[in-house]
>>> print(open('upload24.cif').read())   # mmCIF, C-alpha atoms
data_coords
loop_
_atom_site.label_atom_id
_atom_site.label_comp_id
_atom_site.auth_asym_id
_atom_site.auth_seq_id
_atom_site.Cartn_x
_atom_site.Cartn_y
_atom_site.Cartn_z
CA MET A 1 -30.70 44.06 -34.62
CA THR A 2 -28.94 41.19 -36.35
CA TYR A 3 -26.99 41.82 -39.48
CA THR A 4 -26.68 39.11 -42.13
CA THR A 5 -23.63 39.39 -44.32
CA ASN A 6 -23.53 38.30 -47.92
CA SER A 7 -20.83 36.14 -49.42
CA ASP A 8 -19.34 39.00 -51.49
CA VAL A 9 -17.87 40.44 -48.33
CA THR A 10 -14.96 38.00 -48.38
CA GLN A 11 -13.79 39.48 -51.69
CA HIS A 12 -12.95 42.69 -49.83
CA ILE A 13 -10.58 41.16 -47.28
CA GLY A 14 -7.00 42.42 -47.55
CA ASN A 15 -5.45 44.96 -49.91
CA THR A 16 -5.67 47.58 -47.18
CA PRO A 17 -4.07 51.02 -47.67
CA LEU A 18 -0.48 51.76 -46.68
CA LEU A 19 -0.41 55.36 -45.50
CA GLU A 20 2.72 57.43 -45.01
CA LEU A 21 2.64 59.23 -41.66
CA THR A 22 4.11 62.40 -43.10
CA SER A 23 4.22 64.32 -39.85
CA TYR A 24 6.56 61.68 -38.40
CA SER A 25 8.64 60.97 -41.53
CA THR A 26 11.99 62.72 -41.99
CA GLU A 27 14.12 62.97 -45.07
CA ASN A 28 15.85 59.66 -44.28
CA ILE A 29 13.34 57.79 -42.13
CA LYS A 30 9.89 57.13 -43.53
CA PHE A 31 6.96 56.00 -41.37
CA PHE A 32 4.13 53.97 -42.92
CA ALA A 33 0.95 52.57 -41.36
CA LYS A 34 -0.93 49.58 -42.78
CA LEU A 35 -4.54 50.57 -42.08
CA GLU A 36 -6.16 47.24 -41.28
CA TRP A 37 -9.52 48.71 -40.27
CA TYR A 38 -10.26 48.98 -43.99
CA ASN A 39 -11.01 45.26 -43.90
CA PRO A 40 -14.79 44.54 -44.08
CA PHE A 41 -15.15 43.82 -40.35
CA GLY A 42 -12.73 46.45 -39.22
CA SER A 43 -9.48 44.76 -38.26
CA VAL A 44 -6.43 42.74 -39.23
CA LYS A 45 -8.23 39.65 -37.87
CA ASP A 46 -10.44 39.43 -40.95
CA ARG A 47 -7.49 37.85 -42.72
CA ALA A 48 -6.87 35.07 -40.19
CA ALA A 49 -10.58 34.38 -39.75
CA TYR A 50 -11.15 33.99 -43.48
CA TRP A 51 -8.09 31.79 -44.00
CA MET A 52 -9.05 29.55 -41.05
CA ILE A 53 -12.62 29.06 -42.31
CA LYS A 54 -11.44 28.41 -45.87
CA HIS A 55 -8.99 25.81 -44.57
CA ALA A 56 -11.65 24.13 -42.42
CA GLU A 57 -14.04 23.94 -45.37
CA LYS A 58 -11.36 22.54 -47.65
CA ASN A 59 -10.53 19.82 -45.11
CA GLY A 60 -14.14 18.86 -44.44
CA PHE A 61 -14.29 20.11 -40.84
CA LEU A 62 -17.47 22.12 -41.48
CA THR A 63 -21.00 21.24 -42.61
CA LYS A 64 -23.23 24.06 -43.79
CA ASN A 65 -26.33 24.68 -41.63
CA LYS A 66 -25.03 22.23 -39.00
CA SER A 67 -21.59 23.25 -37.82
CA ILE A 68 -21.11 25.82 -35.10
CA ILE A 69 -17.83 27.69 -35.13
CA ILE A 70 -16.70 28.48 -31.59
CA GLU A 71 -13.65 30.56 -30.74
CA PRO A 72 -12.16 32.26 -27.70
CA SER A 73 -11.63 35.93 -28.52
CA SER A 74 -11.34 39.29 -26.81
CA GLY A 75 -12.85 41.06 -29.76
CA ASN A 76 -11.51 41.36 -33.27
CA THR A 77 -11.20 37.66 -34.18
CA GLY A 78 -14.69 37.10 -32.83
CA ILE A 79 -16.09 39.97 -34.89
CA ALA A 80 -14.28 38.76 -38.01
CA LEU A 81 -15.41 35.15 -37.54
CA ALA A 82 -19.00 36.16 -36.80
CA GLY A 83 -19.22 38.35 -39.89
CA ILE A 84 -17.38 36.08 -42.29
CA ALA A 85 -18.81 32.76 -41.05
CA SER A 86 -22.40 34.02 -41.22
CA SER A 87 -21.77 35.08 -44.82
CA MET A 88 -20.67 31.50 -45.51
CA GLY A 89 -23.60 29.79 -43.77
CA TYR A 90 -22.27 28.91 -40.32
CA LYS A 91 -23.37 29.80 -36.79
CA VAL A 92 -20.80 31.33 -34.48
CA GLU A 93 -20.33 31.25 -30.70
CA ILE A 94 -17.66 33.39 -29.09
CA VAL A 95 -16.16 32.77 -25.65
CA ILE A 96 -15.18 36.19 -24.38
CA PRO A 97 -13.78 37.60 -21.11
CA GLU A 98 -16.57 39.54 -19.37
CA LYS A 99 -14.29 42.59 -18.97
CA VAL A 100 -14.27 43.19 -22.74
CA SER A 101 -15.99 46.46 -23.68
CA GLN A 102 -19.75 46.65 -24.13
CA GLU A 103 -19.17 48.15 -27.60
CA THR A 104 -17.39 44.95 -28.70
CA LYS A 105 -20.04 42.67 -27.19
CA ARG A 106 -22.80 44.63 -28.91
CA ILE A 107 -21.09 44.38 -32.32
CA LEU A 108 -20.71 40.60 -31.86
CA GLN A 109 -24.36 40.19 -30.94
CA ASP A 110 -25.46 42.37 -33.85
CA LEU A 111 -23.49 40.06 -36.13
CA GLY A 112 -25.51 37.12 -34.78
CA ALA A 113 -22.88 35.55 -32.51
CA VAL A 114 -23.88 33.79 -29.28
CA LEU A 115 -21.60 34.97 -26.46
CA HIS A 116 -20.28 32.92 -23.53
CA GLU A 117 -18.76 35.33 -21.02
CA THR A 118 -15.97 34.10 -18.75
CA SER A 119 -14.64 35.66 -15.58
CA ASP A 120 -11.23 35.18 -14.00
CA ASP A 121 -12.74 33.49 -10.93
CA LEU A 122 -14.37 30.74 -13.01
CA CYS A 123 -11.47 28.33 -12.91
CA PRO A 124 -8.20 29.99 -11.76
CA ARG A 125 -6.09 26.91 -12.37
CA VAL A 126 -6.29 27.51 -16.15
CA GLY A 127 -5.08 31.14 -15.95
CA ALA A 128 -6.76 34.52 -16.37
CA GLY A 129 -8.44 36.52 -19.15
CA THR A 130 -8.17 34.89 -22.55
CA ASP A 131 -6.78 31.70 -20.99
CA GLN A 132 -10.17 31.19 -19.27
CA SER A 133 -11.92 31.67 -22.61
CA ILE A 134 -9.60 29.20 -24.35
CA ALA A 135 -10.22 26.58 -21.65
CA LEU A 136 -13.99 26.97 -21.81
CA ALA A 137 -14.10 26.89 -25.61
CA LYS A 138 -12.04 23.70 -25.63
CA ALA A 139 -14.27 22.19 -22.95
CA ILE A 140 -17.42 22.96 -24.95
CA VAL A 141 -16.00 21.36 -28.11
CA LYS A 142 -14.59 18.21 -26.47
CA PRO A 143 -17.83 16.27 -25.89
CA ARG A 144 -19.54 17.61 -29.06
CA PRO A 145 -16.99 17.26 -31.89
CA SER A 146 -19.60 16.59 -34.58
CA VAL A 147 -21.29 19.95 -34.01
CA TYR A 148 -18.60 22.35 -32.85
CA TYR A 149 -15.46 23.37 -34.69
CA MET A 150 -12.88 25.56 -32.96
CA PRO A 151 -10.46 27.18 -35.42
CA ASN A 152 -8.13 28.07 -32.50
CA GLN A 153 -6.18 31.03 -33.80
CA TYR A 154 -3.45 30.29 -31.23
CA GLU A 155 -2.47 27.05 -32.94
CA ASN A 156 -3.96 27.21 -36.42
CA GLU A 157 -1.36 27.33 -39.20
CA SER A 158 -3.86 29.18 -41.42
CA ASN A 159 -3.40 32.19 -39.15
CA PHE A 160 0.27 32.22 -40.19
CA LEU A 161 -0.59 31.57 -43.85
CA ALA A 162 -3.08 34.44 -44.00
CA HIS A 163 -0.25 36.89 -43.42
CA TYR A 164 2.36 34.96 -45.36
CA GLU A 165 0.07 34.94 -48.40
CA SER A 166 -1.57 38.37 -48.10
CA THR A 167 -0.13 40.92 -45.64
CA GLY A 168 3.52 40.23 -46.48
CA PRO A 169 3.14 40.40 -50.28
CA GLU A 170 0.99 43.54 -50.02
CA ILE A 171 3.60 45.39 -47.94
CA TRP A 172 6.42 44.26 -50.21
CA GLU A 173 4.55 45.57 -53.25
CA GLN A 174 3.29 48.77 -51.61
CA THR A 175 6.82 49.76 -50.55
CA SER A 176 8.33 48.60 -53.87
CA GLY A 177 10.56 46.31 -51.82
CA LYS A 178 12.06 49.22 -49.85
CA ILE A 179 10.82 48.20 -46.37
CA THR A 180 13.66 47.97 -43.82
CA HIS A 181 11.72 47.44 -40.55
CA PHE A 182 8.44 45.66 -39.87
CA PHE A 183 6.49 46.31 -36.64
CA THR A 184 3.43 44.61 -35.24
CA GLY A 185 1.79 43.94 -31.92
CA CYS A 186 1.75 40.31 -30.82
CA GLY A 187 -1.09 38.19 -29.49
CA THR A 188 -1.26 34.93 -31.41
CA GLY A 189 1.92 35.77 -33.34
CA GLY A 190 0.20 35.07 -36.69
CA THR A 191 0.68 38.57 -38.10
CA MET A 192 4.32 38.74 -36.98
CA THR A 193 5.44 35.30 -38.13
CA GLY A 194 3.49 35.23 -41.40
CA THR A 195 4.37 38.72 -42.58
CA ALA A 196 7.98 38.70 -41.39
CA THR A 197 8.68 35.27 -42.85
CA PHE A 198 7.51 36.45 -46.26
CA LEU A 199 9.42 39.75 -46.07
CA LYS A 200 12.64 38.05 -44.97
CA GLU A 201 12.38 35.61 -47.86
CA LYS A 202 12.36 38.65 -50.14
CA ASN A 203 15.12 40.48 -48.27
CA ARG A 204 16.78 38.81 -45.31
CA ASN A 205 17.91 42.21 -43.98
CA VAL A 206 14.35 43.32 -43.15
CA ARG A 207 14.21 43.64 -39.36
CA ALA A 208 11.15 42.28 -37.56
CA VAL A 209 10.24 44.13 -34.37
CA ALA A 210 7.68 42.41 -32.14
CA ILE A 211 5.63 44.34 -29.62
CA GLN A 212 4.23 42.84 -26.44
CA ALA A 213 2.18 44.64 -23.81
CA GLN A 214 3.29 45.52 -20.29
CA GLN A 215 1.94 43.37 -17.47
CA ASN A 216 -1.60 44.26 -16.30
CA HIS A 217 -2.26 45.97 -19.60
CA LEU A 218 -5.25 47.58 -21.26
CA LEU A 219 -4.05 46.99 -24.80
CA GLN A 220 -6.61 44.74 -26.49
CA GLY A 221 -5.12 42.24 -28.91
CA LEU A 222 -1.65 42.28 -27.35
CA ARG A 223 -0.25 39.84 -24.81
CA ASN A 224 2.44 39.99 -22.20
CA PHE A 225 4.46 36.81 -22.51
CA GLU A 226 5.46 36.73 -18.86
CA GLU A 227 1.79 36.79 -17.79
CA SER A 228 0.55 34.50 -20.58
CA ASP A 229 2.15 31.60 -22.37
CA MET A 230 3.45 32.18 -25.86
CA PRO A 231 1.00 30.46 -28.25
CA ASP A 232 2.19 27.36 -30.11
CA LEU A 233 1.71 29.17 -33.42
CA PHE A 234 4.20 31.82 -32.34
CA LYS A 235 6.69 29.37 -30.79
CA ARG A 236 7.04 27.55 -34.12
CA ARG A 237 8.64 30.59 -35.76
CA GLU A 238 9.67 32.83 -32.89
CA SER A 239 13.17 33.02 -34.37
CA VAL A 240 11.84 35.35 -37.07
CA VAL A 241 11.77 38.17 -34.48
CA ASP A 242 14.91 40.34 -34.41
CA GLU A 243 13.91 42.65 -31.60
CA TRP A 244 11.30 42.84 -28.81
CA PHE A 245 9.63 45.98 -27.45
CA THR A 246 7.34 46.19 -24.44
CA ALA A 247 4.58 48.76 -24.87
CA THR A 248 3.18 50.57 -21.85
CA ASN A 249 -0.43 51.62 -21.40
CA LYS A 250 0.61 55.26 -21.08
CA GLY A 251 2.99 55.29 -24.06
CA SER A 252 0.34 53.63 -26.21
CA PHE A 253 -2.47 55.98 -25.19
CA ASP A 254 -0.19 59.02 -25.67
CA SER A 255 0.52 57.81 -29.21
CA VAL A 256 -3.20 57.24 -29.86
CA LYS A 257 -3.84 60.88 -28.93
CA ASN A 258 -0.83 62.09 -30.87
CA LEU A 259 -1.90 60.25 -34.04
CA LEU A 260 -5.27 61.96 -34.00
CA GLU A 261 -3.73 65.38 -33.47
CA ARG A 262 -0.97 65.05 -36.07
CA GLU A 263 -2.37 62.69 -38.68
CA GLY A 264 -6.12 62.75 -38.12
CA LEU A 265 -6.01 58.97 -37.54
CA PHE A 266 -8.35 57.56 -34.87
CA VAL A 267 -6.75 54.27 -33.89
CA GLY A 268 -7.18 51.44 -31.40
CA PRO A 269 -4.76 51.10 -28.45
CA SER A 270 -2.50 48.50 -30.11
CA SER A 271 -1.82 50.88 -33.01
CA GLY A 272 -0.64 53.39 -30.42
CA SER A 273 1.72 50.70 -29.11
CA VAL A 274 3.06 50.15 -32.62
CA LEU A 275 3.68 53.84 -33.22
CA SER A 276 5.44 54.29 -29.88
CA CYS A 277 7.74 51.41 -30.81
CA MET A 278 8.41 52.82 -34.30
CA LEU A 279 9.36 56.17 -32.75
CA ASN A 280 11.64 54.45 -30.27
CA ILE A 281 13.48 52.43 -32.93
CA SER A 282 13.75 55.45 -35.26
CA LYS A 283 16.03 57.12 -32.69
CA SER A 284 18.64 54.40 -33.16
CA ILE A 285 18.81 54.33 -36.98
CA LYS A 286 19.99 56.80 -39.61
CA GLN A 287 17.70 55.78 -42.42
CA GLY A 288 14.90 53.34 -43.08
CA VAL A 289 11.42 52.58 -44.31
CA LEU A 290 9.36 51.61 -41.28
CA VAL A 291 6.05 49.81 -41.70
CA GLY A 292 3.68 49.18 -38.78
CA ILE A 293 0.46 47.18 -38.64
CA PHE A 294 -2.35 49.39 -37.34
CA ALA A 295 -4.69 46.57 -36.38
CA ASP A 296 -7.95 48.43 -35.82
CA ASP A 297 -9.50 51.86 -35.37
CA GLY A 298 -10.80 53.50 -32.22
CA ARG A 299 -14.52 52.89 -32.59
CA LYS A 300 -14.71 50.01 -30.09
CA PHE A 301 -12.88 51.87 -27.35
CA ARG A 302 -15.18 54.71 -26.36
CA SER A 303 -15.49 53.60 -22.73
CA LEU A 304 -11.79 52.74 -22.40
CA TYR A 305 -10.66 56.07 -23.85
CA LYS A 306 -13.05 57.96 -21.61
CA GLU A 307 -12.00 56.01 -18.53
CA GLN A 308 -8.28 56.52 -19.27
CA GLU A 309 -8.88 60.20 -20.16
CA VAL A 310 -7.48 59.75 -23.67
CA PHE A 311 -10.44 61.50 -25.29
CA THR A 312 -13.53 63.29 -24.02
CA GLY A 313 -16.91 62.19 -25.31
CA ASP A 314 -16.96 65.10 -27.80
CA GLU A 315 -13.46 64.33 -29.06
CA TYR A 316 -14.47 60.68 -29.56
CA LEU A 317 -17.57 61.61 -31.57
CA SER A 318 -15.63 64.06 -33.69
CA ALA A 319 -12.93 61.45 -34.41
CA MET A 320 -15.59 58.85 -35.28
CA SER A 321 -16.98 61.10 -38.01
CA ASN A 322 -13.70 60.77 -39.93
CA LEU A 323 -13.66 56.95 -39.94
CA PRO A 324 -14.65 54.89 -42.98
CA VAL A 325 -18.10 53.32 -42.69
CA LEU A 326 -17.58 49.56 -42.43
CA ASP A 327 -19.57 47.30 -44.74
CA TYR A 328 -21.57 45.71 -41.96
CA ILE A 329 -22.34 48.99 -40.22
CA LYS A 330 -23.51 50.46 -43.55
CA SER A 331 -26.01 47.63 -43.91
CA MET A 332 -27.21 47.93 -40.32
CA ASN A 333 -28.22 51.59 -40.74
CA MET B 1 -37.35 12.67 -7.81
CA ASN B 2 -36.60 11.81 -4.17
CA ASP B 3 -37.59 13.82 -1.06
CA SER B 4 -34.47 15.93 -0.98
CA ASP B 5 -34.93 16.87 -4.63
CA LYS B 6 -38.27 18.49 -3.80
CA GLU B 7 -36.38 21.24 -1.98
CA VAL B 8 -34.25 21.91 -5.01
CA ALA B 9 -35.27 24.85 -7.22
CA LYS B 10 -33.32 23.54 -10.19
CA MET B 11 -31.19 20.54 -11.10
CA ILE B 12 -28.65 20.43 -13.90
CA ASP B 13 -26.95 17.36 -15.32
CA VAL B 14 -23.50 18.23 -16.60
CA ARG B 15 -22.30 14.65 -16.94
CA GLY B 16 -20.18 14.19 -20.03
CA LEU B 17 -18.92 17.77 -19.85
CA TYR B 18 -15.40 18.77 -18.97
CA CYS B 19 -14.16 21.51 -16.70
CA PRO B 20 -14.44 24.43 -16.78
CA GLU B 21 -17.81 23.94 -18.53
CA PRO B 22 -19.53 22.41 -15.44
CA VAL B 23 -18.48 25.51 -13.42
CA PHE B 24 -19.70 27.76 -16.23
CA ARG B 25 -23.12 26.01 -16.35
CA THR B 26 -23.37 26.15 -12.56
CA LYS B 27 -22.69 29.88 -12.60
CA ILE B 28 -25.29 30.56 -15.31
CA GLU B 29 -28.00 28.57 -13.50
CA LEU B 30 -27.27 30.20 -10.14
CA GLU B 31 -27.58 33.64 -11.73
CA LYS B 32 -31.14 32.76 -12.77
CA LEU B 33 -32.19 31.72 -9.26
CA THR B 34 -33.18 33.93 -6.32
CA ILE B 35 -31.31 34.16 -3.01
CA GLY B 36 -32.03 31.15 -0.82
CA ASP B 37 -32.82 28.82 -3.73
CA LYS B 38 -30.97 25.53 -3.97
CA LEU B 39 -29.32 24.18 -7.10
CA LYS B 40 -28.35 20.55 -7.58
CA VAL B 41 -25.51 19.83 -9.99
CA VAL B 42 -24.62 16.33 -11.14
CA SER B 43 -21.18 15.96 -12.72
CA ASP B 44 -18.87 13.10 -13.62
CA ASP B 45 -15.69 15.05 -14.37
CA PRO B 46 -13.36 14.37 -11.41
CA GLU B 47 -11.87 17.87 -11.74
CA SER B 48 -15.25 19.42 -11.05
CA GLU B 49 -15.01 18.29 -7.40
CA GLU B 50 -12.37 20.90 -6.76
CA ASP B 51 -13.42 23.40 -9.43
CA ILE B 52 -17.10 23.68 -8.46
CA SER B 53 -16.42 23.53 -4.71
CA ARG B 54 -13.85 26.32 -4.91
CA TRP B 55 -15.93 28.47 -7.24
CA VAL B 56 -18.96 28.22 -4.94
CA LYS B 57 -16.84 29.32 -1.98
CA ARG B 58 -15.11 32.14 -3.87
CA SER B 59 -18.43 33.43 -5.15
CA GLY B 60 -19.95 33.64 -1.69
CA HIS B 61 -22.53 30.89 -2.13
CA GLU B 62 -22.95 27.88 0.15
CA LEU B 63 -22.04 24.31 -0.68
CA ILE B 64 -24.57 22.42 1.44
CA SER B 65 -23.38 18.96 0.46
CA LEU B 66 -21.24 16.99 -1.96
CA GLU B 67 -22.15 13.36 -2.40
CA LYS B 68 -20.19 10.81 -4.39
CA LYS B 69 -22.32 8.12 -6.06
CA GLU B 70 -20.06 5.79 -8.03
CA LYS B 71 -18.59 8.05 -10.73
CA ASP B 72 -21.09 10.85 -10.17
CA LEU B 73 -20.61 13.89 -7.99
CA GLU B 74 -23.77 15.53 -6.66
CA PHE B 75 -23.42 19.11 -5.46
CA LEU B 76 -26.17 20.85 -3.51
CA ILE B 77 -25.59 24.59 -3.62
CA LYS B 78 -27.54 27.39 -1.94
CA LYS B 79 -27.56 30.76 -3.63
CA ALA B 80 -26.42 33.19 -0.95
CA LYS B 81 -26.12 36.51 -2.73
#
>>> encode(input="upload24.cif", output="structure tokens")
Amino acid sequence: MTYTTNSDVTQHIGNTPLLELTSYSTENIKFFAKLEWYNPFGSVKDRAAYWMIKHAEKNGFLTKNKSIIIEPSSGNTGIALAGIASSMGYKVEIVIPEKVSQETKRILQDLGAVLHETSDDLCPRVGAGTDQSIALAKAIVKPRPSVYYMPNQYENESNFLAHYESTGPEIWEQTSGKITHFFTGCGTGGTMTGTATFLKEKNRNVRAVAIQAQQNHLLQGLRNFEESDMPDLFKRRESVVDEWFTATNKGSFDSVKNLLEREGLFVGPSSGSVLSCMLNISKSIKQGVLVGIFADDGRKFRSLYKEQEVFTGDEYLSAMSNLPVLDYIKSMN
Amino acid sequence: MNDSDKEVAKMIDVRGLYCPEPVFRTKIELEKLTIGDKLKVVSDDPESEEDISRWVKRSGHELISLEKKEKDLEFLIKKAK
């Protein structure tokens, strides 16, 4: 089934809830989670996708009913672009590593995206995983510039601006300016650099803690910067980061399980990484207001969580029943 | 079509495309064929000489021939699995 979005959906991007994780908070250290799955297409990437398309339209890079937006993505950016672009009258093609979950691929296809699946053996000289997808997407665009437009979240300044203009101000307002530490997982670096730049302009003492994944990781949306190059977008403002944390698969999955048990929150793996980092940093401070970006919920990770023995099938279904129904899923039923 | 082309199950022209797209198109077309079928690929990206040849070997297929005709590279590949 293909779902067609309507243009109103873009009005609901951003302004996501900031939830205090009361079971982790103490008298002097408060834990808050920015629940990004309340965006219309279920993740923090709705912001970057919308800003990139708006920028492309404004600069005349797109022609309605002609342009095809193509992007390398391992999931959330692809879903966001497919949903948002179709609501604005553009076709979308996503170049995706074949190892990405079937749940994610199905959502993309339901949103009308054409998928090009890459495998690590396709062209090893360009790297593995997402690097293969980036190379193929660029190769597809190169001889057909009048048809294809590649936003390229790894280089696109609008990815930074999305968070500088929305995520940062929201957190500042939601904490009444009391935030002391900002945490987010890093892939493109857009969320980290955009949000932290804004927050530091408001209060230069806010500490920005960046989270990368361990090598050979299973944490979708995160990168390990020894395995993969740091994207140009991130390099431009890397100095905004005060501290780095490397999340492990195990620590992240333990936190995913813990969050469901203690807070009733069913999160994606990268949110587990963020919580494990927040807990780690909280041991070294006496007081603070800690805010973490919880990029997406657990609905796309059924097979991963089963395979890694994070949740049984029954636990997954029970957790799913507590999630908000996303706009596009509501319309597909 | 010359005599050798008659033995070819499918031919794809990927001239004007840049690697890794020629490898990607080769892979997609081979997946559609049955074992023993031959695929002819014509490319003009110099990098495809190494990229396609290596991918064919890694994937367990057989590169029957690679001919260079001016700027064009003509690969004849047999699907082996």
>>> closest_atom_pairs(input="upload24.cif", of="chain A", to="chain B", cutoff="12 Å", atoms="all atoms listed in the file", output="CSV")
residue,atom,partner,partner_atom,distance
A:Val95,CA,B:Phe24,CA,11.2
A:His116,CA,B:Phe24,CA,9.0
A:Glu117,CA,B:Phe24,CA,9.0
A:Thr118,CA,B:Phe24,CA,7.8
A:Ser119,CA,B:Phe24,CA,9.4
A:Asp120,CA,B:Trp55,CA,10.6
A:Asp121,CA,B:Trp55,CA,7.0
A:Leu122,CA,B:Trp55,CA,6.4
A:Cys123,CA,B:Pro20,CA,6.2
A:Pro124,CA,B:Asp51,CA,8.7
A:Arg125,CA,B:Asp51,CA,8.6
A:Val126,CA,B:Pro20,CA,8.7
A:Gly127,CA,B:Pro20,CA,11.5
A:Asp131,CA,B:Pro20,CA,11.4
A:Gln132,CA,B:Pro20,CA,8.4
A:Ser133,CA,B:Pro20,CA,9.6
A:Ile134,CA,B:Pro20,CA,10.2
A:Ala135,CA,B:Pro20,CA,6.8
A:Leu136,CA,B:Pro20,CA,5.7
A:Ala137,CA,B:Glu21,CA,8.5
A:Lys138,CA,B:Tyr18,CA,8.9
A:Ala139,CA,B:Tyr18,CA,5.4
A:Ile140,CA,B:Glu21,CA,6.5
A:Val141,CA,B:Leu17,CA,9.5
A:Lys142,CA,B:Tyr18,CA,7.6
A:Pro143,CA,B:Leu17,CA,6.3
A:Arg144,CA,B:Leu17,CA,9.2
>>> atom_distance(input="upload24.cif", atom1="CA of His163 in chain A", atom2="CA of Ile94 in chain A")
22.8 Å
>>> resolve_selection(input="upload24.cif", expression="the PyMOL selection byres ((chain A and resi 153) around 9)", output="PyMOL selection string")
chain A and resi 48-49+52+71-72+77+150-152+154-159+188+190+233
>>> atom_distance(input="upload24.cif", atom1="CA of Glu226 in chain A", atom2="CA of Val209 in chain A")
17.8 Å
>>> resolve_selection(input="upload24.cif", expression="the PyMOL selection byres ((chain B and resi 34) around 10)", output="PDB file with C-alpha atoms, in the coordinates of the input")
ATOM      1  CA  ALA B   9     -35.270  24.850  -7.220  1.00  0.00           C
ATOM      2  CA  LEU B  30     -27.270  30.200 -10.140  1.00  0.00           C
ATOM      3  CA  GLU B  31     -27.580  33.640 -11.730  1.00  0.00           C
ATOM      4  CA  LYS B  32     -31.140  32.760 -12.770  1.00  0.00           C
ATOM      5  CA  LEU B  33     -32.190  31.720  -9.260  1.00  0.00           C
ATOM      6  CA  ILE B  35     -31.310  34.160  -3.010  1.00  0.00           C
ATOM      7  CA  GLY B  36     -32.030  31.150  -0.820  1.00  0.00           C
ATOM      8  CA  ASP B  37     -32.820  28.820  -3.730  1.00  0.00           C
ATOM      9  CA  LYS B  38     -30.970  25.530  -3.970  1.00  0.00           C
ATOM     10  CA  LYS B  78     -27.540  27.390  -1.940  1.00  0.00           C
ATOM     11  CA  LYS B  79     -27.560  30.760  -3.630  1.00  0.00           C
ATOM     12  CA  ALA B  80     -26.420  33.190  -0.950  1.00  0.00           C
ATOM     13  CA  LYS B  81     -26.120  36.510  -2.730  1.00  0.00           C
TER      14      LYS B  81
END
>>> resolve_selection(input="upload24.cif", expression="the PyMOL selection byres ((chain A and resi 254) around 12)", output="JSON, numbers by chain")
{"A": [247, 248, 249, 250, 251, 252, 253, 255, 256, 257, 258, 259, 260, 261, 267, 268, 269, 270, 271, 272, 273, 274, 275, 276, 305, 308, 309, 310, 311]}
>>> residues_around(input="upload24.cif", residues="Ser228 in chain A", least_positions_apart="6", cutoff="10 Å", atoms="all atoms listed in the file", output="list in words")
Gly127, Ala128, Gly129, Thr130, Asp131, Gly187 and Gln215 of chain A
>>> atom_distance(input="upload24.cif", atom1="CA of Thr175 in chain A", atom2="CA of Ser23 in chain A")
18.3 Å
>>> residues_around(input="upload24.cif", residues="Ile12 in chain B", least_positions_apart="2", cutoff="8 Å", atoms="only C-alpha atoms", output="mmCIF file with C-alpha atoms, in the frame of the given file")
data_model
loop_
_atom_site.group_PDB
_atom_site.id
_atom_site.type_symbol
_atom_site.label_atom_id
_atom_site.label_comp_id
_atom_site.auth_asym_id
_atom_site.auth_seq_id
_atom_site.Cartn_x
_atom_site.Cartn_y
_atom_site.Cartn_z
ATOM 1 C CA LYS B 10 -33.320 23.540 -10.190
ATOM 2 C CA VAL B 14 -23.500 18.230 -16.600
ATOM 3 C CA THR B 26 -23.370 26.150 -12.560
ATOM 4 C CA LEU B 39 -29.320 24.180 -7.100
ATOM 5 C CA LYS B 40 -28.350 20.550 -7.580
ATOM 6 C CA VAL B 41 -25.510 19.830 -9.990
ATOM 7 C CA VAL B 42 -24.620 16.330 -11.140
#
>>> axis_aligned_box(input="upload24.cif", around="range 15-21 of chain B", padding_each_side="8 Å", output="JSON")
{"center_x": -18.2, "center_y": 19.3, "center_z": -18.4, "size_x": 24.1, "size_y": 26.2, "size_z": 19.3}
>>> closest_residue(input="upload24.cif", among="A:Glu20, A:Glu36, A:Asp46, A:Glu103", to="Arg299 in chain A", atoms="all atoms listed in the file")
A:Glu103
>>> residues_near_point(input="upload24.cif", point="(-16.4, 46.5, -20.1)", cutoff="12 Å", atoms="all atoms listed in the file", output="number ranges by chain")
A: 74-75, 96-106, 117, 119, 218, 220, 300-305, 307
>>> write_last_selection(input="upload24.cif", atoms="C-alpha atoms", output="PDB file, in the coordinates of the input")
ATOM      1  CA  SER A  74     -11.340  39.290 -26.810  1.00  0.00           C
ATOM      2  CA  GLY A  75     -12.850  41.060 -29.760  1.00  0.00           C
ATOM      3  CA  ILE A  96     -15.180  36.190 -24.380  1.00  0.00           C
ATOM      4  CA  PRO A  97     -13.780  37.600 -21.110  1.00  0.00           C
ATOM      5  CA  GLU A  98     -16.570  39.540 -19.370  1.00  0.00           C
ATOM      6  CA  LYS A  99     -14.290  42.590 -18.970  1.00  0.00           C
ATOM      7  CA  VAL A 100     -14.270  43.190 -22.740  1.00  0.00           C
ATOM      8  CA  SER A 101     -15.990  46.460 -23.680  1.00  0.00           C
ATOM      9  CA  GLN A 102     -19.750  46.650 -24.130  1.00  0.00           C
ATOM     10  CA  GLU A 103     -19.170  48.150 -27.600  1.00  0.00           C
ATOM     11  CA  THR A 104     -17.390  44.950 -28.700  1.00  0.00           C
ATOM     12  CA  LYS A 105     -20.040  42.670 -27.190  1.00  0.00           C
ATOM     13  CA  ARG A 106     -22.800  44.630 -28.910  1.00  0.00           C
ATOM     14  CA  GLU A 117     -18.760  35.330 -21.020  1.00  0.00           C
ATOM     15  CA  SER A 119     -14.640  35.660 -15.580  1.00  0.00           C
ATOM     16  CA  LEU A 218      -5.250  47.580 -21.260  1.00  0.00           C
ATOM     17  CA  GLN A 220      -6.610  44.740 -26.490  1.00  0.00           C
ATOM     18  CA  LYS A 300     -14.710  50.010 -30.090  1.00  0.00           C
ATOM     19  CA  PHE A 301     -12.880  51.870 -27.350  1.00  0.00           C
ATOM     20  CA  ARG A 302     -15.180  54.710 -26.360  1.00  0.00           C
ATOM     21  CA  SER A 303     -15.490  53.600 -22.730  1.00  0.00           C
ATOM     22  CA  LEU A 304     -11.790  52.740 -22.400  1.00  0.00           C
ATOM     23  CA  TYR A 305     -10.660  56.070 -23.850  1.00  0.00           C
ATOM     24  CA  GLU A 307     -12.000  56.010 -18.530  1.00  0.00           C
TER      25      GLU A 307
END
